[in-house]
Amino acid sequence: LLLAFGCGMSSAAAELLLDGRAKALDAWPVLTALPDPDASLDADQALQQLPRFEAPRVPAGNFGPRSEVMWLHIPVRVAMPDAAPAVDPLVGLLPDLASRRADHIAWILDIAYPPLNAVEVFVYRDGRLQQQARLGSQLAVEARALPTRTLAAELKFDPGRYDVLLRVHTQSAMVVPVRFVDPGVFRFDESRQLLLHGVAIGIALLLALYSLSHW
């Protein structure tokens with residue numbers, strides 16, 4: 001399992017810049033990882049082990065089948081957006097996201113692979129834990145950080161540098177396509193997907209009724 005990690009650390013020196021210019025950012029180019037075979041590390045201990053984290057030499061976002069715990073590190077630098085975001089006409093669909101944006105810079109950490117069993121998110125600044133969230137298919141939807149299709153959590157930042165740690169453990173393939181998304185863009189994507197699902201269900205019901213009428 002350790003063969004999937006290389007010695008090259010060029011991406012580890014980089015940071016994911018969240019300044020509002022890009023509305024969705026893939027975290028993989030700056031992500032590093034550390035296997036935890038005996039699940040012995042807590043978040044504070046994992047933070048102390050950052051020099052041991054390495055850039056994964058696997059296909060982007062895909063660690064393959066793994067039963068061990070994997071710690072992921074994403075170095076983030078947050079800057080104040082140049083301008084206030086436009087009013088989102090879809091704000092009513094997920095009002096909780098919008099209501100908590102006023103005092104901080106909000107970003108959505110999004111993992112577009114719902115089968116992951118357990119993901120814990122820890123946000124550190126200057127070595128101090130600022131936020132944490134629990135995600136994963138083992139949690140009831142209402143117990144997750146956000147009740148959305150994907151595994152997502154709203155993170156609130158002040159300008160500055162942060163270390164975002166993810167503790168991932170799953171019995172499925174460890175696929176972790178993690179990105180940071182502007183809340184407005186995330187809400188729009190969610191509403192669009194819900195609309196498409198509704199249309200698909202409606203078409204299926206119409207076809208079923210048509211078939212029954214010709215039975």
# chains A, B, ... in the order shown; residues from 1 in each chain; ligands from 1

$ closest_atom_pairs --of "stretch 37-86 of chain A" --to "stretch 125-149 of chain A" --cutoff "9 Å" --atoms "only C-alpha atoms" --output "tab-separated table"
residue	atom	partner	partner_atom	distance
A:Ala43	CA	A:Leu129	CA	9.0
A:Asp44	CA	A:Leu129	CA	8.3
A:Leu47	CA	A:Gly127	CA	7.7
A:Gln48	CA	A:Gly127	CA	8.9

$ residues_around --residues "stretch 117-119 of chain A" --least-positions-apart "4" --cutoff "12 Å" --atoms "only C-alpha atoms" --output "compact mmCIF listing (two decimals) with C-alpha atoms, in the first residue's frame"
# COMPACT_ATOMS: atom_id res chain seq x y z
CA ARG A 66 -8.22 0.51 0.85
CA SER A 67 -9.30 -0.66 4.27
CA GLU A 68 -6.84 1.53 6.19
CA VAL A 69 -7.46 5.06 7.39
CA MET A 70 -6.06 7.75 5.14
CA TRP A 71 -5.24 11.27 6.26
CA LEU A 72 -5.34 13.99 3.59
CA LEU A 109 -15.80 21.52 0.80
CA ASP A 110 -17.37 19.02 -1.58
CA ILE A 111 -16.53 15.34 -2.13
CA TYR A 113 -18.40 10.37 -4.02
CA GLN A 132 -14.64 20.27 12.24
CA ALA A 133 -17.38 18.34 10.49
CA ARG A 134 -18.46 14.75 10.00
CA LEU A 135 -19.53 13.34 6.64
CA GLY A 136 -20.10 9.91 5.17
CA SER A 137 -22.64 7.34 4.08
CA GLN A 138 -22.77 5.84 7.58
CA LEU A 139 -24.37 9.01 8.90
CA ALA A 140 -28.05 9.70 8.50
CA ARG A 144 -24.36 15.28 8.14
CA ALA A 145 -22.83 18.72 7.91
CA LEU A 151 -20.56 14.76 0.94
CA ALA A 152 -20.25 18.45 1.69
CA ALA A 153 -19.54 20.84 4.53
CA LEU A 165 -7.18 17.73 7.28
CA LEU A 166 -9.48 14.94 6.15
CA ARG A 167 -9.62 11.57 7.89
CA VAL A 168 -11.07 9.06 5.43
CA HIS A 169 -12.09 5.49 6.21
CA THR A 170 -14.28 3.36 3.98
CA GLN A 171 -15.04 -0.20 2.94
CA SER A 172 -15.74 0.93 -0.61
CA ALA A 173 -13.13 2.16 -3.06
CA MET A 174 -11.40 5.21 -1.61
CA VAL A 175 -12.37 7.76 -4.23
CA VAL A 176 -11.94 11.30 -2.91
CA VAL A 178 -12.41 16.85 -3.19

$ atom_distance --atom1 "atom CA of A:Phe180" --atom2 "atom CA of A:Leu25"
5.2 Å

$ select_by_dssp --residues "stretch 19-76 of chain A" --states "alpha helix (DSSP H)" --output "list of chain:residue names"
A:Ala43, A:Asp44, A:Gln45, A:Ala46, A:Leu47, A:Gln48

$ write_last_selection --atoms "C-alpha atoms" --output "PDB file, in the first residue's frame"
ATOM      1  CA  ALA A  43      -6.243  15.088  14.227  1.00  0.00           C
ATOM      2  CA  ASP A  44      -3.703  16.915  16.414  1.00  0.00           C
ATOM      3  CA  GLN A  45      -1.211  14.076  15.976  1.00  0.00           C
ATOM      4  CA  ALA A  46      -1.789  14.003  12.214  1.00  0.00           C
ATOM      5  CA  LEU A  47      -1.094  17.735  12.066  1.00  0.00           C
ATOM      6  CA  GLN A  48       2.234  17.150  13.802  1.00  0.00           C
TER       7      GLN A  48
END
